[in-house]
>>> print(open('start11.cif').read())   # mmCIF, C-alpha atoms and all ligand atoms
data_target
#
loop_
_atom_site.group_PDB
_atom_site.id
_atom_site.type_symbol
_atom_site.label_atom_id
_atom_site.label_comp_id
_atom_site.auth_asym_id
_atom_site.auth_seq_id
_atom_site.Cartn_x
_atom_site.Cartn_y
_atom_site.Cartn_z
ATOM 1 C CA MET A 1186 183.508 -183.414 -293.574
ATOM 2 C CA THR A 1187 184.834 -186.518 -291.965
ATOM 3 C CA GLU A 1188 184.960 -186.475 -288.212
ATOM 4 C CA GLY A 1189 188.245 -187.355 -286.637
ATOM 5 C CA PRO A 1190 188.440 -187.939 -282.915
ATOM 6 C CA ILE A 1191 191.454 -185.755 -282.480
ATOM 7 C CA ALA A 1192 190.508 -182.915 -284.802
ATOM 8 C CA GLN A 1193 187.106 -182.484 -283.154
ATOM 9 C CA ARG A 1194 188.296 -182.378 -279.594
ATOM 10 C CA PRO A 1195 187.772 -178.824 -278.275
ATOM 11 C CA GLU A 1196 190.933 -177.169 -277.200
ATOM 12 C CA PRO A 1197 190.727 -175.353 -273.846
ATOM 13 C CA PRO A 1198 191.377 -171.621 -273.985
ATOM 14 C CA ALA A 1199 195.009 -170.889 -273.335
ATOM 15 C CA HIS A 1200 194.459 -169.022 -270.062
ATOM 16 C CA ASN A 1201 192.430 -171.852 -268.652
ATOM 17 C CA ARG A 1202 194.742 -174.699 -269.493
ATOM 18 C CA SER A 1203 195.663 -176.781 -266.576
ATOM 19 C CA VAL A 1204 199.395 -176.696 -266.544
ATOM 20 C CA PRO A 1205 201.169 -177.944 -263.490
ATOM 21 C CA GLY A 1206 202.463 -175.062 -261.448
ATOM 22 C CA SER A 1207 200.403 -172.493 -263.295
ATOM 23 C CA ASN A 1208 198.077 -171.777 -260.396
ATOM 24 C CA PRO A 1209 199.039 -168.759 -258.375
ATOM 25 C CA GLY A 1210 199.063 -169.633 -254.724
ATOM 26 C CA ARG A 1211 199.285 -173.276 -253.904
ATOM 27 C CA PRO A 1212 196.028 -174.776 -252.634
ATOM 28 C CA ILE A 1213 196.566 -174.765 -248.892
ATOM 29 C CA PHE A 1214 194.359 -177.637 -247.887
ATOM 30 C CA SER A 1215 193.629 -179.534 -251.043
ATOM 31 C CA ARG A 1216 195.778 -182.599 -251.567
ATOM 32 C CA GLY A 1217 195.362 -183.367 -255.243
ATOM 33 C CA LYS A 1218 191.599 -183.351 -254.955
ATOM 34 C CA ASP A 1219 189.635 -180.418 -256.254
ATOM 35 C CA VAL A 1220 188.605 -178.070 -253.442
ATOM 36 C CA VAL A 1221 185.361 -177.331 -255.258
ATOM 37 C CA ASP A 1222 184.502 -180.991 -255.113
ATOM 38 C CA ASN A 1223 185.314 -181.177 -251.425
ATOM 39 C CA PHE A 1224 183.163 -178.149 -250.819
ATOM 40 C CA LYS A 1225 180.079 -180.025 -251.891
ATOM 41 C CA HIS A 1226 180.786 -182.442 -249.064
ATOM 42 C CA LEU A 1227 181.650 -179.678 -246.595
ATOM 43 C CA ILE A 1228 178.446 -177.849 -247.453
ATOM 44 C CA LYS A 1229 176.517 -181.094 -247.050
ATOM 45 C CA LEU A 1230 178.226 -181.684 -243.700
ATOM 46 C CA GLN A 1231 177.384 -178.185 -242.467
ATOM 47 C CA ASP A 1232 173.810 -178.692 -243.575
ATOM 48 C CA LEU A 1233 173.588 -182.021 -241.733
ATOM 49 C CA ASP A 1234 175.255 -180.588 -238.612
ATOM 50 C CA SER A 1235 172.894 -177.618 -238.576
ATOM 51 C CA ASN A 1236 169.883 -179.903 -238.880
ATOM 52 C CA ILE A 1237 171.192 -182.256 -236.203
ATOM 53 C CA LYS A 1238 171.855 -179.306 -233.904
ATOM 54 C CA GLY A 1239 168.357 -177.955 -234.467
ATOM 55 C CA ILE A 1240 166.845 -181.345 -233.664
ATOM 56 C CA SER A 1241 169.019 -181.714 -230.555
ATOM 57 C CA LEU A 1242 167.839 -178.334 -229.289
ATOM 58 C CA PHE A 1243 164.258 -179.360 -229.967
ATOM 59 C CA LEU A 1244 164.728 -182.678 -228.140
ATOM 60 C CA GLU A 1245 166.436 -181.006 -225.169
ATOM 61 C CA GLN A 1246 163.391 -178.949 -224.312
ATOM 62 C CA ILE A 1247 160.905 -181.833 -224.633
ATOM 63 C CA PRO A 1248 161.132 -182.961 -220.957
ATOM 64 C CA SER A 1249 160.438 -179.460 -219.644
ATOM 65 C CA GLN A 1250 157.537 -179.088 -222.072
ATOM 66 C CA ILE A 1251 156.104 -182.376 -220.838
ATOM 67 C CA ASN A 1252 156.527 -181.237 -217.228
ATOM 68 C CA GLN A 1253 154.716 -178.055 -218.088
ATOM 69 C CA ILE A 1254 151.800 -179.993 -219.588
ATOM 70 C CA ASP A 1255 151.611 -182.208 -216.488
ATOM 71 C CA ARG A 1256 151.575 -179.102 -214.331
ATOM 72 C CA ARG A 1257 148.806 -177.572 -216.418
ATOM 73 C CA ILE A 1258 146.772 -180.784 -216.040
ATOM 74 C CA GLU A 1259 147.157 -180.526 -212.271
ATOM 75 C CA GLU A 1260 146.267 -176.838 -212.335
ATOM 76 C CA SER A 1261 143.127 -177.504 -214.339
ATOM 77 C CA PHE A 1262 141.853 -179.483 -211.318
ATOM 78 C CA SER A 1263 142.659 -176.733 -208.811
ATOM 79 C CA ALA A 1264 139.087 -175.352 -208.909
ATOM 80 C CA VAL A 1265 137.742 -178.876 -208.226
ATOM 81 C CA LYS A 1266 140.152 -179.174 -205.329
ATOM 82 C CA LYS A 1267 139.110 -175.783 -203.938
ATOM 83 C CA TYR A 1268 135.365 -176.649 -204.084
ATOM 84 C CA LYS A 1269 135.988 -180.063 -202.519
ATOM 85 C CA GLU A 1270 137.754 -178.355 -199.627
ATOM 86 C CA GLN A 1271 134.790 -176.004 -199.250
ATOM 87 C CA LEU A 1272 132.444 -178.985 -199.233
ATOM 88 C CA ALA A 1273 134.496 -180.801 -196.589
ATOM 89 C CA GLU A 1274 134.476 -177.672 -194.445
ATOM 90 C CA ASN A 1275 130.706 -177.323 -194.922
ATOM 91 C CA GLN A 1276 130.144 -180.958 -193.936
ATOM 92 C CA LYS A 1277 132.315 -180.629 -190.869
ATOM 93 C CA ARG A 1278 130.427 -177.529 -189.747
ATOM 94 C CA ARG A 1279 127.111 -179.369 -190.238
ATOM 95 C CA ARG A 1280 128.302 -182.308 -188.160
ATOM 96 C CA ASP A 1281 129.314 -179.874 -185.385
ATOM 97 C CA LEU A 1282 125.935 -178.113 -185.600
ATOM 98 C CA ASP A 1283 124.072 -181.451 -185.509
ATOM 99 C CA ALA A 1284 126.027 -182.495 -182.439
ATOM 100 C CA GLU A 1285 125.298 -179.203 -180.703
ATOM 101 C CA VAL A 1286 121.588 -179.516 -181.508
ATOM 102 C CA GLU A 1287 121.590 -183.052 -180.071
ATOM 103 C CA ASP A 1288 123.248 -181.814 -176.886
ATOM 104 C CA LEU A 1289 120.752 -178.996 -176.504
ATOM 105 C CA LYS A 1290 117.802 -181.325 -177.055
ATOM 106 C CA THR A 1291 119.130 -183.661 -174.375
ATOM 107 C CA LYS A 1292 119.535 -180.685 -172.071
ATOM 108 C CA ILE A 1293 115.981 -179.465 -172.822
ATOM 109 C CA ASN A 1294 114.608 -182.929 -171.972
ATOM 110 C CA LYS A 1295 116.544 -182.938 -168.740
ATOM 111 C CA PHE A 1296 115.259 -179.468 -167.839
ATOM 112 C CA GLN A 1297 111.707 -180.490 -168.664
ATOM 113 C CA ASN A 1298 112.010 -183.482 -166.345
ATOM 114 C CA GLN A 1299 113.396 -181.242 -163.628
ATOM 115 C CA LEU A 1300 110.318 -179.016 -163.919
ATOM 116 C CA ASN A 1301 108.337 -181.610 -161.943
ATOM 117 C CA ASP A 1302 110.743 -181.497 -159.069
ATOM 118 C CA VAL A 1303 111.216 -177.759 -158.555
ATOM 119 C CA LYS A 1304 110.012 -176.345 -155.305
ATOM 120 C CA THR A 1305 109.841 -172.600 -155.859
ATOM 121 C CA ASN A 1306 108.371 -170.344 -158.491
ATOM 122 C CA LYS A 1307 111.700 -168.698 -158.875
ATOM 123 C CA GLU A 1308 113.395 -171.997 -159.677
ATOM 124 C CA TYR A 1309 110.529 -172.885 -161.975
ATOM 125 C CA SER A 1310 110.710 -169.685 -164.005
ATOM 126 C CA SER A 1311 114.480 -169.823 -164.112
ATOM 127 C CA LEU A 1312 114.277 -173.364 -165.499
ATOM 128 C CA LEU A 1313 111.655 -172.282 -168.025
ATOM 129 C CA LYS A 1314 113.970 -169.534 -169.152
ATOM 130 C CA GLU A 1315 116.808 -172.052 -169.551
ATOM 131 C CA ILE A 1316 114.509 -174.217 -171.678
ATOM 132 C CA ASP A 1317 113.383 -171.245 -173.701
ATOM 133 C CA ASP A 1318 116.967 -170.097 -174.326
ATOM 134 C CA ALA A 1319 117.961 -173.603 -175.356
ATOM 135 C CA LYS A 1320 115.024 -173.875 -177.743
ATOM 136 C CA ASN A 1321 115.908 -170.523 -179.298
ATOM 137 C CA ARG A 1322 119.482 -171.683 -179.687
ATOM 138 C CA VAL A 1323 118.256 -174.885 -181.385
ATOM 139 C CA ASP A 1324 116.155 -172.807 -183.789
ATOM 140 C CA ASP A 1325 119.174 -170.682 -184.669
ATOM 141 C CA LEU A 1326 121.353 -173.758 -185.183
ATOM 142 C CA GLU A 1327 118.756 -175.532 -187.312
ATOM 143 C CA GLU A 1328 118.451 -172.438 -189.458
ATOM 144 C CA GLU A 1329 122.224 -172.470 -189.960
ATOM 145 C CA ILE A 1330 122.078 -176.184 -190.801
ATOM 146 C CA ILE A 1331 119.547 -175.473 -193.545
ATOM 147 C CA THR A 1332 121.683 -172.632 -194.902
ATOM 148 C CA LYS A 1333 124.703 -174.952 -194.909
ATOM 149 C CA MET A 1334 122.732 -177.669 -196.680
ATOM 150 C CA LEU A 1335 121.673 -175.253 -199.413
ATOM 151 C CA ALA A 1336 125.255 -174.007 -199.753
ATOM 152 C CA SER A 1337 126.431 -177.603 -199.968
ATOM 153 C CA ASP A 1338 124.096 -178.206 -202.932
ATOM 154 C CA ASP A 1339 125.624 -175.202 -204.665
ATOM 155 C CA ILE A 1340 129.158 -176.395 -203.930
ATOM 156 C CA GLU A 1341 128.373 -179.880 -205.246
ATOM 157 C CA SER A 1342 127.074 -178.371 -208.440
ATOM 158 C CA GLU A 1343 130.244 -176.233 -208.721
ATOM 159 C CA ILE A 1344 132.319 -179.389 -208.243
ATOM 160 C CA ARG A 1345 130.482 -181.169 -211.051
ATOM 161 C CA SER A 1346 130.927 -178.325 -213.484
ATOM 162 C CA ALA A 1347 134.570 -177.706 -212.506
ATOM 163 C CA GLN A 1348 135.239 -181.435 -212.806
ATOM 164 C CA ALA A 1349 133.743 -181.574 -216.308
ATOM 165 C CA LYS A 1350 135.738 -178.536 -217.378
ATOM 166 C CA ALA A 1351 138.944 -179.977 -215.910
ATOM 167 C CA GLU A 1352 138.413 -183.351 -217.583
ATOM 168 C CA GLN A 1353 137.940 -181.612 -220.909
ATOM 169 C CA GLU A 1354 141.111 -179.587 -220.390
ATOM 170 C CA LYS A 1355 142.952 -182.714 -219.291
ATOM 171 C CA GLN A 1356 141.986 -184.588 -222.466
ATOM 172 C CA LYS A 1357 143.164 -181.662 -224.562
ATOM 173 C CA LEU A 1358 146.479 -181.527 -222.711
ATOM 174 C CA LEU A 1359 146.983 -185.294 -222.862
ATOM 175 C CA LYS A 1360 146.515 -185.112 -226.612
ATOM 176 C CA GLU A 1361 149.054 -182.294 -226.752
ATOM 177 C CA LYS A 1362 151.460 -184.411 -224.728
ATOM 178 C CA GLU A 1363 150.945 -187.415 -226.959
ATOM 179 C CA GLU A 1364 151.597 -185.332 -230.082
ATOM 180 C CA LEU A 1365 154.729 -183.928 -228.505
ATOM 181 C CA MET A 1366 155.994 -187.414 -227.692
ATOM 182 C CA GLU A 1367 155.240 -188.609 -231.208
ATOM 183 C CA LYS A 1368 157.073 -185.618 -232.628
ATOM 184 C CA SER A 1369 159.935 -186.355 -230.272
ATOM 185 C CA SER A 1370 160.359 -189.949 -231.408
ATOM 186 C CA GLU A 1371 160.026 -188.826 -235.019
ATOM 187 C CA MET A 1372 162.813 -186.295 -234.446
ATOM 188 C CA LYS A 1373 164.984 -188.891 -232.709
ATOM 189 C CA GLN A 1374 164.700 -191.103 -235.774
ATOM 190 C CA LYS A 1375 165.436 -188.170 -238.070
ATOM 191 C CA LYS A 1376 168.492 -187.302 -236.013
ATOM 192 C CA GLN A 1377 169.705 -190.869 -236.237
ATOM 193 C CA SER A 1378 169.360 -190.961 -240.009
ATOM 194 C CA LEU A 1379 171.087 -187.575 -240.352
ATOM 195 C CA SER A 1380 173.947 -188.834 -238.178
ATOM 196 C CA GLN A 1381 174.228 -191.845 -240.426
ATOM 197 C CA GLU A 1382 174.330 -189.571 -243.476
ATOM 198 C CA LYS A 1383 177.008 -187.535 -241.757
ATOM 199 C CA ALA A 1384 179.098 -190.645 -241.202
ATOM 200 C CA GLU A 1385 178.833 -191.321 -244.919
ATOM 201 C CA VAL A 1386 179.812 -187.780 -245.948
ATOM 202 C CA GLU A 1387 182.787 -187.299 -243.648
ATOM 203 C CA PRO A 1388 185.115 -189.851 -245.272
ATOM 204 C CA HIS A 1389 184.837 -187.876 -248.536
ATOM 205 C CA ILE A 1390 186.461 -184.842 -246.907
ATOM 206 C CA PRO A 1391 190.258 -184.736 -246.523
ATOM 207 C CA GLN A 1392 191.260 -185.091 -242.881
ATOM 208 C CA ASP A 1393 192.871 -181.638 -242.605
ATOM 209 C CA GLN A 1394 189.765 -179.921 -243.989
ATOM 210 C CA LEU A 1395 187.580 -181.959 -241.680
ATOM 211 C CA SER A 1396 189.648 -180.976 -238.624
ATOM 212 C CA LEU A 1397 189.573 -177.339 -239.689
ATOM 213 C CA TYR A 1398 185.807 -177.565 -240.167
ATOM 214 C CA HIS A 1399 185.311 -179.150 -236.731
ATOM 215 C CA ASP A 1400 187.537 -176.572 -234.995
ATOM 216 C CA ILE A 1401 185.658 -173.672 -236.538
ATOM 217 C CA TYR A 1402 182.311 -175.402 -235.920
ATOM 218 C CA GLN A 1403 183.101 -175.876 -232.212
ATOM 219 C CA ASN A 1404 184.355 -172.337 -231.692
ATOM 220 C CA ASN A 1405 181.667 -170.525 -233.649
ATOM 221 C CA SER A 1406 178.395 -171.818 -232.257
ATOM 222 C CA GLY A 1407 177.906 -174.411 -234.947
ATOM 223 C CA ILE A 1408 178.549 -172.356 -238.063
ATOM 224 C CA ALA A 1409 181.774 -173.232 -239.850
ATOM 225 C CA LEU A 1410 180.931 -172.284 -243.430
ATOM 226 C CA SER A 1411 179.840 -168.993 -244.877
ATOM 227 C CA PRO A 1412 178.595 -168.529 -248.419
ATOM 228 C CA VAL A 1413 179.716 -165.310 -250.076
ATOM 229 C CA THR A 1414 176.855 -163.577 -251.803
ATOM 230 C CA ASP A 1415 176.960 -160.104 -253.337
ATOM 231 C CA ASP A 1416 180.576 -159.710 -252.171
ATOM 232 C CA PHE A 1417 179.669 -160.108 -248.496
ATOM 233 C CA CYS A 1418 180.389 -162.825 -245.957
ATOM 234 C CA SER A 1419 176.870 -163.977 -245.268
ATOM 235 C CA VAL A 1420 177.655 -164.717 -241.605
ATOM 236 C CA CYS A 1421 179.360 -161.493 -240.461
ATOM 237 C CA GLN A 1422 178.349 -159.261 -243.366
ATOM 238 C CA ILE A 1423 181.847 -157.936 -243.933
ATOM 239 C CA ARG A 1424 182.740 -156.999 -247.507
ATOM 240 C CA ILE A 1425 185.119 -159.449 -249.158
ATOM 241 C CA ARG A 1426 188.007 -158.008 -251.166
ATOM 242 C CA PRO A 1427 187.767 -158.497 -254.962
ATOM 243 C CA GLN A 1428 191.017 -160.488 -254.986
ATOM 244 C CA VAL A 1429 189.548 -162.937 -252.466
ATOM 245 C CA ILE A 1430 186.310 -163.111 -254.472
ATOM 246 C CA ASN A 1431 188.340 -164.112 -257.496
ATOM 247 C CA GLU A 1432 190.152 -166.783 -255.503
ATOM 248 C CA LEU A 1433 186.846 -168.059 -254.171
ATOM 249 C CA LYS A 1434 185.457 -168.233 -257.689
ATOM 250 C CA GLU A 1435 188.521 -170.222 -258.749
ATOM 251 C CA GLY A 1436 187.852 -172.563 -255.878
ATOM 252 C CA LYS A 1437 191.433 -173.687 -255.638
ATOM 253 C CA LYS A 1438 192.013 -173.185 -251.965
ATOM 254 C CA ILE A 1439 190.340 -172.852 -248.613
ATOM 255 C CA ILE A 1440 189.944 -169.224 -247.552
ATOM 256 C CA LEU A 1441 188.749 -168.108 -244.144
ATOM 257 C CA CYS A 1442 186.808 -164.907 -243.552
ATOM 258 C CA GLU A 1443 189.269 -162.334 -242.204
ATOM 259 C CA ASN A 1444 186.625 -161.053 -239.812
ATOM 260 C CA CYS A 1445 184.647 -164.042 -238.484
ATOM 261 C CA GLY A 1446 187.001 -166.873 -239.361
ATOM 262 C CA ARG A 1447 184.441 -169.005 -241.175
ATOM 263 C CA ILE A 1448 185.379 -171.027 -244.253
ATOM 264 C CA LEU A 1449 184.192 -168.950 -247.194
ATOM 265 C CA TYR A 1450 182.794 -170.355 -250.405
ATOM 266 C CA TRP A 1451 181.340 -168.819 -253.506
ATOM 267 C CA LYS A 1452 177.598 -169.173 -253.432
ATOM 268 C CA ASN A 1453 177.356 -170.671 -256.929
ATOM 269 C CA GLN A 1454 179.209 -173.718 -255.704
ATOM 270 C CA SER A 1455 176.359 -174.805 -253.512
HETATM 271 ZN ZN ZN A 1501 182.700 -163.442 -241.952
#
>>> encode(input="start11.cif", output="structure tokens")
Amino acid sequence: MTEGPIAQRPEPPAHNRSVPGSNPGRPIFSRGKDVVDNFKHLIKLQDLDSNIKGISLFLEQIPSQINQIDRRIEESFSAVKKYKEQLAENQKRRRDLDAEVEDLKTKINKFQNQLNDVKTNKEYSSLLKEIDDAKNRVDDLEEEIITKMLASDDIESEIRSAQAKAEQEKQKLLKEKEELMEKSSEMKQKKQSLSQEKAEVEPHIPQDQLSLYHDIYQNNSGIALSPVTDDFCSVCQIRIRPQVINELKEGKKIILCENCGRILYWKNQS
């Protein structure tokens, strides 16, 4: 059989022939272009917008996360700070004790010199008692000084171990911060390239569809499109009437969900 170009051309089934005016219900937003074709761009746009929105949300909370890390770094040194305060207090107390001991020793010397000059036994024994009391006081103070010195050794050792622990924690947190900042700059770049892609997609969408998309996007927390799967609007879960399903399958016009107002599309178009 010889092949002729005309004879071999498949004839479309009669019901599917594209005859001007044969479509029931004029496409409401399509201007000559196929709505199905535009939908690919709308779906792409929604996808880009959703990704951009997700990245923006991620980027928005970066500064507070960084603040939190800085705060945790500071907190990890709080034990060091506490022990250093204890040490300073200990040292101050020791200085006070040392000074008091010095005073008492001076006093004892003075009393001992006075012993040579006393005239009466009563004065003599009273002075001896003063010396004795002062010596006892010195013993008590020196004992406290030793206790403080031992405590100070313990505190210094606590400082060293708290410091090491804090440094370790700090390094871990700094690494976390660095990773977060890297991720942040990576996401900024990604957002930029998605925005660029968006700028390339938008001109493919007729202006009226684009405005409709933007209006719905703005008023519906960033979701303008809703795929219909298993006869349900996938955003609000309302059942879509069979007539509307048929119209969606035809893809000749833009149809909004009667319940949530999103632009519906038949899932197979995606
Ligand atoms: Zn809906």
>>> residues_near_ligand(input="start11.cif", ligand="ligand ZN 1501 (chain A)", cutoff="9 Å", atoms="all atoms listed in the file", output="list in words")
Ser1411, Val1413, Phe1417, Cys1418, Ser1419, Val1420, Cys1421, Gln1422, Ile1423, Arg1424, Ile1425, Leu1441, Cys1442, Glu1443, Asn1444, Cys1445, Gly1446, Arg1447, Ile1448 and Leu1449 of chain A
>>> closest_atom_pairs(input="start11.cif", of="region 1306-1351 of chain A", to="region 1264-1280 of chain A", cutoff="7 Å", atoms="all atoms listed in the file", output="JSON lines")
{"residue": "A:Ile1330", "atom": "CA", "partner": "A:Arg1279", "partner_atom": "CA", "distance": 6.0}
{"residue": "A:Lys1333", "atom": "CA", "partner": "A:Asn1275", "partner_atom": "CA", "distance": 6.5}
{"residue": "A:Ser1337", "atom": "CA", "partner": "A:Leu1272", "partner_atom": "CA", "distance": 6.2}
{"residue": "A:Ile1340", "atom": "CA", "partner": "A:Tyr1268", "partner_atom": "CA", "distance": 6.2}
{"residue": "A:Glu1343", "atom": "CA", "partner": "A:Tyr1268", "partner_atom": "CA", "distance": 6.9}
{"residue": "A:Ile1344", "atom": "CA", "partner": "A:Val1265", "partner_atom": "CA", "distance": 5.4}
{"residue": "A:Ala1347", "atom": "CA", "partner": "A:Val1265", "partner_atom": "CA", "distance": 5.5}
{"residue": "A:Gln1348", "atom": "CA", "partner": "A:Val1265", "partner_atom": "CA", "distance": 5.8}
>>> atom_distance(input="start11.cif", atom1="CA of Ser1406 (chain A)", atom2="CA of Lys1229 (chain A)")
17.6 Å
>>> atom_distance(input="start11.cif", atom1="CA of Asn1405 (chain A)", atom2="CA of Tyr1450 (chain A)")
16.8 Å
>>> closest_residue(input="start11.cif", among="A:Leu1410, A:Ala1284, A:Ile1331, A:Ile1439", to="Gln1231 (chain A)", atoms="all atoms listed in the file")
A:Leu1410
>>> atom_distance(input="start11.cif", atom1="CA of Arg1426 (chain A)", atom2="CA of Trp1451 (chain A)")
12.9 Å
>>> closest_residue(input="start11.cif", among="A:Phe1262, A:Met1366, A:Ile1247, A:Asp1255", to="Gln1353 (chain A)", atoms="all atoms listed in the file")
A:Phe1262
>>> residues_around(input="start11.cif", residues="Pro1427 (chain A)", least_positions_apart="3", cutoff="12 Å", atoms="only C-alpha atoms", output="list in words")
Val1413, Asp1415, Asp1416, Phe1417, Arg1424, Ile1430, Asn1431, Glu1432, Leu1433 and Lys1434 of chain A
>>> closest_residue(input="start11.cif", among="A:Val1429, A:Leu1365, A:Glu1371, A:Asp1400", to="Ile1251 (chain A)", atoms="all atoms listed in the file")
A:Leu1365
